[in-house]
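Trainee: This structure is in structure tokens; I'll ask about it shortly.
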Amino acid sequence: MYQSSKTPKGDSHVSVIGAGIAGAWQALLFAQAGHAVTLHERSDEAMMLSTSHWAGGMLAPWCESEVSEPIISRLGLRALDLWRRELPDTPFNGSLVVAHSRDRNDFERFARLTSGHRRLDARGLAELEPSLEGRFRDGLFFAGEGHVEPRRVLPKLHERIIAAGGTIKFNSEPQPSDIDGIVIDCRGLSARYNQPELRGVKGELILIESDEVQLARPVRLIHPRWPLYVIPREDNLFMLGATSIEAEDTGVSVRSALELLGAAYAVHPAFAEARIVEFGSGLRPAFPDNLPRITIGKDNHIAVNGLYRHGFLIAPALAELTLAYVEHGRIDNEVMRCA
Ligand SMILES: Cc1cc2nc3c(=O)[nH]c(=O)nc-3n(C[C@H](O)[C@H](O)[C@H](O)COP(=O)(O)OP(=O)(O)OC[C@H]3O[C@@H](n4cnc5c(N)ncnc54)[C@H](O)[C@@H]3O)c2cc1C
């Protein structure tokens, strides 16, 4: 258990269940607002049982607008400000979108369906990412987008919760009905017993290591089936992601591995010499409409779930909405439902 020496200022105790990206942001904003917060997490500090552990961590509201509803952009744009405010060292180097000539039509479609980008010719691309010199005819640069490294940023958020006066209990697995006071249920897919509409959407990824390619930002490669991407991490690591499959098994199929590794090779042939560090997969918690939901239940129970493929992008904004509801009774009709 980790506890701050600060005395909580608020009189209402708030228990958050689940320390993934949704719960971490809820606990942080409530603790900062002066509530006595306890965050429960069934995993240990490594957070291996959370979907968040496996995520890409892209903060990409403009790119995501190709496939998502306007509410995701609204929440995502607000969340970018909150990421900047809480973790000012979050890299906002933008994102790049590139395509091979055979996927030209899909590339143009992507450009049409999104905003917030400017076109770069081959020279502009090479100036931005010297490793990509001569690789692509042109690209789209989304300058306002950012990315975080989930396995580094979750511990940072947990530290900030403690600094704000909150308490974190790892290896603690209560059910919402076990707890008095305000309960914010952020259990992701494990909340399915209470929210039977939830489903898991499998995302597979591969982590590779190479010191031959340097990238400063995520590079998305237009692909007929999935938006595949290469995200640079610290220590010469790159995450290759991510498939999107309506299945709840774990592991990575040979087909997906071939596509993910093929995407890396297509971005830069030097990735062929990279070392494979890890194969992994996570289940994105999703409602049938693939939209996030804050469910206001009885007995001070609030559930925040269905973050689907946008957890890192939208979690800060969802936490702000939950706080505004608890403190001022403010209802956001697009996101909130009464149970
Ligand atoms: C491959 C992949 C790539 C992705 N890339 C991105 C991306 O680039 N950008 C983006 O924004 N999103 C991305 N996502 C989506 C993002 O990961 C999810 O939306 C997000 O992780 C969901 O967060 P969550 O906190 O709701 O759930 P989780 O992260 O699963 O957290 C729920 C937590 O609750 C805990 N828990 C469950 N039951 C209990 C209990 N009874 N008591 C205590 N603790 C409990 C679990 O252990 C878990 O830690 C990606 C997902 C995948 C799989």
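Labeling convention for the structure tokens: chains A, B, ... as they appear, residues from 1 per chain, ligands from 1 in order of appearance.
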Identify, on the basis of only C-alpha atoms, every residue whose closest approach to region 218-233 of chain A does not exceed 9 Å; exclude the query and any residue fewer than 2 positions from it along the same chain; express the result as a PDB file with N, CA and C atoms, in the first residue's frame.
Mentor:
```pdb
ATOM      1  N   GLY A  56      -0.769   1.358 -27.126  1.00  0.00           N
ATOM      2  CA  GLY A  56       0.203   2.162 -27.854  1.00  0.00           C
ATOM      3  C   GLY A  56       0.456   3.500 -27.165  1.00  0.00           C
ATOM      4  N   GLY A  57      -0.592   4.071 -26.572  1.00  0.00           N
ATOM      5  CA  GLY A  57      -0.448   5.344 -25.865  1.00  0.00           C
ATOM      6  C   GLY A  57      -0.462   6.556 -26.786  1.00  0.00           C
ATOM      7  N   MET A  58      -1.003   6.391 -27.992  1.00  0.00           N
ATOM      8  CA  MET A  58      -1.070   7.563 -28.885  1.00  0.00           C
ATOM      9  C   MET A  58      -2.195   8.493 -28.437  1.00  0.00           C
ATOM     10  N   ASN A  93       5.082  15.604 -30.433  1.00  0.00           N
ATOM     11  CA  ASN A  93       5.873  15.747 -31.665  1.00  0.00           C
ATOM     12  C   ASN A  93       5.037  15.514 -32.909  1.00  0.00           C
ATOM     13  N   GLY A  94       3.719  15.289 -32.718  1.00  0.00           N
ATOM     14  CA  GLY A  94       2.859  15.019 -33.858  1.00  0.00           C
ATOM     15  C   GLY A  94       2.899  13.561 -34.275  1.00  0.00           C
ATOM     16  N   SER A  95       2.110  13.234 -35.307  1.00  0.00           N
ATOM     17  CA  SER A  95       2.105  11.889 -35.901  1.00  0.00           C
ATOM     18  C   SER A  95       2.258  12.033 -37.405  1.00  0.00           C
ATOM     19  N   LEU A  96       2.789  10.987 -37.996  1.00  0.00           N
ATOM     20  CA  LEU A  96       2.939  10.951 -39.457  1.00  0.00           C
ATOM     21  C   LEU A  96       2.081   9.829 -40.024  1.00  0.00           C
ATOM     22  N   VAL A  97       1.470  10.068 -41.164  1.00  0.00           N
ATOM     23  CA  VAL A  97       0.730   9.016 -41.863  1.00  0.00           C
ATOM     24  C   VAL A  97       1.331   8.869 -43.247  1.00  0.00           C
ATOM     25  N   VAL A  98       1.721   7.656 -43.588  1.00  0.00           N
ATOM     26  CA  VAL A  98       2.331   7.401 -44.896  1.00  0.00           C
ATOM     27  C   VAL A  98       1.636   6.198 -45.540  1.00  0.00           C
ATOM     28  N   ALA A  99       1.865   6.035 -46.849  1.00  0.00           N
ATOM     29  CA  ALA A  99       1.234   4.900 -47.553  1.00  0.00           C
ATOM     30  C   ALA A  99       2.098   4.493 -48.725  1.00  0.00           C
ATOM     31  N   HIS A 100       1.982   3.248 -49.083  1.00  0.00           N
ATOM     32  CA  HIS A 100       2.610   2.799 -50.323  1.00  0.00           C
ATOM     33  C   HIS A 100       1.704   3.139 -51.496  1.00  0.00           C
ATOM     34  N   ASP A 103      -1.710   1.692 -51.941  1.00  0.00           N
ATOM     35  CA  ASP A 103      -2.772   2.087 -51.007  1.00  0.00           C
ATOM     36  C   ASP A 103      -3.111   3.576 -51.130  1.00  0.00           C
ATOM     37  N   ARG A 104      -2.809   4.121 -52.315  1.00  0.00           N
ATOM     38  CA  ARG A 104      -2.990   5.557 -52.553  1.00  0.00           C
ATOM     39  C   ARG A 104      -4.420   6.028 -52.281  1.00  0.00           C
ATOM     40  N   ASP A 106      -6.707   4.752 -50.380  1.00  0.00           N
ATOM     41  CA  ASP A 106      -7.008   4.759 -48.938  1.00  0.00           C
ATOM     42  C   ASP A 106      -6.325   5.933 -48.235  1.00  0.00           C
ATOM     43  N   PHE A 107      -5.133   6.276 -48.713  1.00  0.00           N
ATOM     44  CA  PHE A 107      -4.404   7.419 -48.149  1.00  0.00           C
ATOM     45  C   PHE A 107      -5.201   8.711 -48.392  1.00  0.00           C
ATOM     46  N   PHE A 110      -8.175   8.820 -46.177  1.00  0.00           N
ATOM     47  CA  PHE A 110      -7.772   9.188 -44.808  1.00  0.00           C
ATOM     48  C   PHE A 110      -7.601  10.706 -44.713  1.00  0.00           C
ATOM     49  N   GLY A 146       0.178  13.809 -29.758  1.00  0.00           N
ATOM     50  CA  GLY A 146       1.244  13.393 -28.850  1.00  0.00           C
ATOM     51  C   GLY A 146       1.234  11.896 -28.640  1.00  0.00           C
ATOM     52  N   HIS A 147       2.130  11.416 -27.810  1.00  0.00           N
ATOM     53  CA  HIS A 147       2.077  10.006 -27.408  1.00  0.00           C
ATOM     54  C   HIS A 147       2.780   9.827 -26.069  1.00  0.00           C
ATOM     55  N   VAL A 148       2.305   8.842 -25.326  1.00  0.00           N
ATOM     56  CA  VAL A 148       2.925   8.505 -24.039  1.00  0.00           C
ATOM     57  C   VAL A 148       3.284   7.032 -24.056  1.00  0.00           C
ATOM     58  N   GLU A 149       4.197   6.668 -23.175  1.00  0.00           N
ATOM     59  CA  GLU A 149       4.593   5.266 -23.079  1.00  0.00           C
ATOM     60  C   GLU A 149       3.827   4.662 -21.892  1.00  0.00           C
ATOM     61  N   GLN A 214      15.801   5.669 -36.303  1.00  0.00           N
ATOM     62  CA  GLN A 214      15.403   6.636 -35.265  1.00  0.00           C
ATOM     63  C   GLN A 214      14.110   7.311 -35.718  1.00  0.00           C
ATOM     64  N   LEU A 215      13.119   7.307 -34.852  1.00  0.00           N
ATOM     65  CA  LEU A 215      11.867   8.018 -35.140  1.00  0.00           C
ATOM     66  C   LEU A 215      11.535   8.886 -33.931  1.00  0.00           C
ATOM     67  N   ALA A 216      10.986  10.062 -34.201  1.00  0.00           N
ATOM     68  CA  ALA A 216      10.646  10.973 -33.095  1.00  0.00           C
ATOM     69  C   ALA A 216       9.154  10.949 -32.784  1.00  0.00           C
ATOM     70  N   ASP A 235      14.961   3.660 -25.146  1.00  0.00           N
ATOM     71  CA  ASP A 235      15.907   2.536 -25.212  1.00  0.00           C
ATOM     72  C   ASP A 235      15.854   1.787 -26.545  1.00  0.00           C
ATOM     73  N   ASN A 236      15.694   2.496 -27.665  1.00  0.00           N
ATOM     74  CA  ASN A 236      15.706   1.892 -29.004  1.00  0.00           C
ATOM     75  C   ASN A 236      14.592   0.878 -29.228  1.00  0.00           C
ATOM     76  N   LEU A 237      13.529   0.995 -28.468  1.00  0.00           N
ATOM     77  CA  LEU A 237      12.395   0.072 -28.658  1.00  0.00           C
ATOM     78  C   LEU A 237      11.349   0.713 -29.559  1.00  0.00           C
ATOM     79  N   PHE A 238      10.622  -0.139 -30.265  1.00  0.00           N
ATOM     80  CA  PHE A 238       9.516   0.321 -31.110  1.00  0.00           C
ATOM     81  C   PHE A 238       8.338  -0.612 -30.881  1.00  0.00           C
ATOM     82  N   MET A 239       7.158  -0.017 -30.734  1.00  0.00           N
ATOM     83  CA  MET A 239       5.969  -0.854 -30.642  1.00  0.00           C
ATOM     84  C   MET A 239       5.306  -0.912 -32.003  1.00  0.00           C
ATOM     85  N   LEU A 240       5.015  -2.116 -32.451  1.00  0.00           N
ATOM     86  CA  LEU A 240       4.274  -2.318 -33.698  1.00  0.00           C
ATOM     87  C   LEU A 240       2.849  -2.697 -33.325  1.00  0.00           C
ATOM     88  N   GLY A 241       1.895  -1.909 -33.763  1.00  0.00           N
ATOM     89  CA  GLY A 241       0.510  -2.226 -33.395  1.00  0.00           C
ATOM     90  C   GLY A 241      -0.399  -1.841 -34.540  1.00  0.00           C
ATOM     91  N   ALA A 242      -1.552  -2.007 -34.351  1.00  0.00           N
ATOM     92  CA  ALA A 242      -2.233  -2.975 -33.516  1.00  0.00           C
ATOM     93  C   ALA A 242      -3.385  -3.523 -34.353  1.00  0.00           C
ATOM     94  N   THR A 243      -3.617  -4.794 -34.171  1.00  0.00           N
ATOM     95  CA  THR A 243      -4.775  -5.385 -34.847  1.00  0.00           C
ATOM     96  C   THR A 243      -6.043  -5.015 -34.086  1.00  0.00           C
ATOM     97  N   SER A 244      -7.175  -5.311 -34.659  1.00  0.00           N
ATOM     98  CA  SER A 244      -8.456  -5.045 -34.013  1.00  0.00           C
ATOM     99  C   SER A 244      -9.386  -6.186 -34.398  1.00  0.00           C
ATOM    100  N   GLU A 259       1.670  -9.469 -40.455  1.00  0.00           N
ATOM    101  CA  GLU A 259       1.225  -8.139 -40.884  1.00  0.00           C
ATOM    102  C   GLU A 259       1.932  -7.035 -40.094  1.00  0.00           C
ATOM    103  N   LEU A 260       2.076  -7.244 -38.788  1.00  0.00           N
ATOM    104  CA  LEU A 260       2.722  -6.215 -37.966  1.00  0.00           C
ATOM    105  C   LEU A 260       4.199  -6.074 -38.338  1.00  0.00           C
ATOM    106  N   ALA A 263       4.541  -4.419 -41.653  1.00  0.00           N
ATOM    107  CA  ALA A 263       4.353  -2.962 -41.610  1.00  0.00           C
ATOM    108  C   ALA A 263       5.655  -2.280 -41.198  1.00  0.00           C
ATOM    109  N   ALA A 264       6.332  -2.867 -40.209  1.00  0.00           N
ATOM    110  CA  ALA A 264       7.603  -2.263 -39.768  1.00  0.00           C
ATOM    111  C   ALA A 264       8.613  -2.291 -40.900  1.00  0.00           C
ATOM    112  N   ALA A 266       7.980  -2.324 -44.010  1.00  0.00           N
ATOM    113  CA  ALA A 266       7.568  -1.376 -45.052  1.00  0.00           C
ATOM    114  C   ALA A 266       7.939   0.052 -44.653  1.00  0.00           C
ATOM    115  N   VAL A 267       7.867   0.366 -43.376  1.00  0.00           N
ATOM    116  CA  VAL A 267       8.257   1.714 -42.942  1.00  0.00           C
ATOM    117  C   VAL A 267       9.767   1.885 -43.109  1.00  0.00           C
TER     118      VAL A 267
END
```
Trainee: So which residues are near ligand 1, meaning at most 6 Å away with only C-alpha atoms and all ligand atoms counted, given back as an MDAnalysis selection string?
Mentor: chainID A and resid 17:23 40:43 47 49:52 54:59 172:175 186:188 190 203:205 241:242 281:284 305 307:313
Trainee: Would you mind telling me which residue in A:Gly329, A:Gly165, A:Pro292, A:Ile206 lies nearest to Gly262 (chain A) when using only C-alpha atoms?
Mentor: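 Using only C-alpha atoms, the shortest distance to Gly262 (chain A) belongs to A:Ile206.
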Trainee: Using only C-alpha atoms, which of the listed residues (A:Ala122, A:Ile179, A:Ile276, A:Leu28) sits closest to Arg160 (chain A)?
Mentor: A:Leu28
Trainee: Enter the distance from CA of Ala31 (chain A) to CA of Ala164 (chain A), in Å, rounded to one decimal.
Mentor: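 So the answer is 5.6 Å.
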Trainee: Rounded to one decimal place, report the CA of Val67 (chain A)-CA of Arg109 (chain A) distance in Å.
Mentor: 11.3 Å
Trainee: Find the residue from A:Arg337, A:His268, A:His13, A:Arg74 that sits nearest to Ile296 (chain A); use only C-alpha atoms when measuring.
Mentor: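 Under the stated criterion, the closest residue is A:Arg337.
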Trainee: Between CA of Glu320 (chain A) and CA of Cys63 (chain A), what is the distance in Å, rounded to a tenth?
Mentor: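 These two atoms are separated by 23.1 Å.
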Trainee: Have a look at A:Leu207, A:Leu128, A:Ala272, A:Ile302 and name the one nearest to Asn194 (chain A); count only C-alpha atoms.
Mentor: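 Of A:Leu207, A:Leu128, A:Ala272, A:Ile302, the one nearest Asn194 (chain A) is A:Ile302, counting only C-alpha atoms.
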Trainee: List every residue of region 103-187 of chain A that DSSP, applied to the backbone of this structure, places in strand (DSSP E), and write the result as a list of chain:residue names.
Mentor: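 Here is the list: A:Arg118, A:Arg119, A:Leu120, A:Asp121, A:Asp138, A:Gly139, A:Leu140, A:Phe141, A:Phe142, A:Gly146, A:His147, A:Thr167, A:Ile168, A:Lys169, A:Phe170, A:Ile182, A:Val183, A:Ile184, A:Asp185.
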Trainee: For a quick check of understanding, using only C-alpha atoms, which of A:Glu64, A:Glu248, A:Asp211, A:Glu127 has the smallest distance to Ala274 (chain A)?
Mentor: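 Closest to Ala274 (chain A), using only C-alpha atoms: A:Asp211.
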Trainee: Please provide as a list of chain:residue names all residues within 12 Å of Glu197 (chain A), with the sequence filter that same-chain residues fewer than 3 positions apart are discarded (counting only C-alpha atoms).
Mentor: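 Once the adjacent positions are removed, what remains is A:Leu189, A:Ser190, A:Ala191, A:Arg192, A:Tyr193, A:Asn194, A:Gly200, A:Pro285, A:Ala286, A:Phe287, A:Pro288, A:Asp289, A:Asn290, A:Leu291, A:Arg293, A:Asn305, A:Gly306.
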Trainee: With all heavy atoms retained, export the selected residues as a CSV table (one decimal), in the first residue's frame.
Mentor:
```csv
chain,number,residue,atom,x,y,z
A,189,LEU,N,-12.9,-4.5,-18.7
A,189,LEU,CA,-13.6,-5.6,-19.1
A,189,LEU,C,-14.1,-6.5,-17.9
A,189,LEU,O,-15.1,-7.1,-18.0
A,189,LEU,CB,-12.8,-6.5,-20.0
A,189,LEU,CG,-13.5,-7.4,-21.0
A,189,LEU,CD1,-14.5,-6.6,-21.8
A,189,LEU,CD2,-12.5,-8.1,-21.9
A,190,SER,N,-13.4,-6.4,-16.7
A,190,SER,CA,-13.9,-7.1,-15.6
A,190,SER,C,-15.2,-6.7,-15.0
A,190,SER,O,-15.7,-7.3,-14.1
A,190,SER,CB,-12.8,-7.1,-14.5
A,190,SER,OG,-11.6,-7.5,-15.0
A,191,ALA,N,-15.7,-5.5,-15.5
A,191,ALA,CA,-17.0,-5.0,-14.9
A,191,ALA,C,-18.1,-5.7,-15.7
A,191,ALA,O,-19.3,-5.3,-15.5
A,191,ALA,CB,-17.0,-3.5,-15.1
A,192,ARG,N,-17.8,-6.7,-16.5
A,192,ARG,CA,-18.9,-7.2,-17.4
A,192,ARG,C,-20.1,-7.8,-16.6
A,192,ARG,O,-21.2,-7.9,-17.1
A,192,ARG,CB,-18.3,-8.2,-18.3
A,192,ARG,CG,-19.2,-8.7,-19.4
A,192,ARG,CD,-18.5,-9.0,-20.6
A,192,ARG,NE,-17.4,-9.9,-20.4
A,192,ARG,CZ,-16.7,-10.4,-21.4
A,192,ARG,NH1,-16.9,-10.0,-22.6
A,192,ARG,NH2,-15.7,-11.2,-21.2
A,193,TYR,N,-19.8,-8.3,-15.4
A,193,TYR,CA,-20.8,-8.9,-14.6
A,193,TYR,C,-21.9,-7.9,-14.3
A,193,TYR,O,-23.1,-8.2,-14.4
A,193,TYR,CB,-20.3,-9.4,-13.3
A,193,TYR,CG,-21.3,-10.1,-12.4
A,193,TYR,CD1,-21.8,-11.3,-12.7
A,193,TYR,CD2,-21.8,-9.4,-11.3
A,193,TYR,CE1,-22.8,-11.9,-11.9
A,193,TYR,CE2,-22.7,-10.0,-10.5
A,193,TYR,CZ,-23.2,-11.3,-10.8
A,193,TYR,OH,-24.2,-11.8,-10.0
A,194,ASN,N,-21.5,-6.6,-14.1
A,194,ASN,CA,-22.5,-5.5,-13.9
A,194,ASN,C,-22.9,-4.8,-15.2
A,194,ASN,O,-24.0,-4.2,-15.2
A,194,ASN,CB,-21.9,-4.4,-12.9
A,194,ASN,CG,-21.4,-5.0,-11.6
A,194,ASN,OD1,-20.3,-5.5,-11.5
A,194,ASN,ND2,-22.3,-5.0,-10.6
A,200,GLY,N,-14.8,-7.5,-25.3
A,200,GLY,CA,-13.4,-7.3,-25.5
A,200,GLY,C,-13.0,-7.3,-27.0
A,200,GLY,O,-13.5,-8.2,-27.7
A,285,PRO,N,-11.9,-2.7,-23.7
A,285,PRO,CA,-13.3,-2.8,-23.3
A,285,PRO,C,-14.2,-1.9,-24.1
A,285,PRO,O,-14.0,-0.7,-24.2
A,285,PRO,CB,-13.2,-2.3,-21.8
A,285,PRO,CG,-11.9,-1.5,-21.7
A,285,PRO,CD,-11.0,-1.9,-22.9
A,286,ALA,N,-15.2,-2.5,-24.7
A,286,ALA,CA,-16.1,-1.7,-25.6
A,286,ALA,C,-17.6,-2.0,-25.4
A,286,ALA,O,-17.9,-3.2,-25.2
A,286,ALA,CB,-15.7,-2.1,-27.1
A,287,PHE,N,-18.4,-1.0,-25.5
A,287,PHE,CA,-19.8,-1.2,-25.6
A,287,PHE,C,-20.2,-1.4,-27.1
A,287,PHE,O,-19.4,-1.2,-28.0
A,287,PHE,CB,-20.5,0.1,-25.0
A,287,PHE,CG,-20.4,0.1,-23.5
A,287,PHE,CD1,-19.7,1.2,-22.9
A,287,PHE,CD2,-21.0,-0.8,-22.7
A,287,PHE,CE1,-19.6,1.3,-21.5
A,287,PHE,CE2,-20.9,-0.7,-21.3
A,287,PHE,CZ,-20.2,0.3,-20.7
A,288,PRO,N,-21.5,-1.8,-27.3
A,288,PRO,CA,-21.9,-2.1,-28.7
A,288,PRO,C,-21.6,-0.9,-29.7
A,288,PRO,O,-21.3,-1.1,-30.8
A,288,PRO,CB,-23.4,-2.4,-28.6
A,288,PRO,CG,-23.5,-3.0,-27.2
A,288,PRO,CD,-22.5,-2.2,-26.4
A,289,ASP,N,-21.8,0.3,-29.2
A,289,ASP,CA,-21.6,1.5,-30.1
A,289,ASP,C,-20.1,2.0,-30.1
A,289,ASP,O,-19.8,3.0,-30.7
A,289,ASP,CB,-22.5,2.7,-29.7
A,289,ASP,CG,-22.3,3.1,-28.2
A,289,ASP,OD1,-21.4,2.6,-27.6
A,289,ASP,OD2,-23.1,4.0,-27.7
A,290,ASN,N,-19.2,1.2,-29.4
A,290,ASN,CA,-17.8,1.6,-29.3
A,290,ASN,C,-17.6,3.0,-28.7
A,290,ASN,O,-16.5,3.6,-29.0
A,290,ASN,CB,-17.1,1.5,-30.7
A,290,ASN,CG,-17.0,0.0,-31.1
A,290,ASN,OD1,-17.1,-0.9,-30.3
A,290,ASN,ND2,-16.9,-0.2,-32.4
A,291,LEU,N,-18.5,3.5,-27.9
A,291,LEU,CA,-18.4,4.8,-27.3
A,291,LEU,C,-18.2,4.7,-25.8
A,291,LEU,O,-18.8,3.7,-25.2
A,291,LEU,CB,-19.6,5.7,-27.7
A,291,LEU,CG,-19.7,6.0,-29.1
A,291,LEU,CD1,-21.0,6.8,-29.4
A,291,LEU,CD2,-18.5,6.7,-29.7
A,293,ARG,N,-18.7,5.4,-21.8
A,293,ARG,CA,-19.9,5.7,-21.1
A,293,ARG,C,-19.6,5.9,-19.6
A,293,ARG,O,-18.8,5.2,-19.0
A,293,ARG,CB,-20.8,4.4,-21.2
A,293,ARG,CG,-22.3,4.7,-21.2
A,293,ARG,CD,-23.0,3.4,-21.3
A,293,ARG,NE,-23.2,3.0,-22.7
A,293,ARG,CZ,-23.8,1.9,-23.0
A,293,ARG,NH1,-24.3,1.1,-22.1
A,293,ARG,NH2,-24.0,1.5,-24.3
A,305,ASN,N,-16.5,3.4,-18.3
A,305,ASN,CA,-16.0,2.2,-19.1
A,305,ASN,C,-16.3,2.4,-20.6
A,305,ASN,O,-16.7,3.4,-21.0
A,305,ASN,CB,-16.8,0.9,-18.6
A,305,ASN,CG,-15.9,-0.3,-18.6
A,305,ASN,OD1,-15.1,-0.5,-19.5
A,305,ASN,ND2,-16.0,-1.1,-17.5
A,306,GLY,N,-15.9,1.3,-21.4
A,306,GLY,CA,-16.1,1.4,-22.8
A,306,GLY,C,-15.1,2.3,-23.5
A,306,GLY,O,-15.4,2.9,-24.5
```
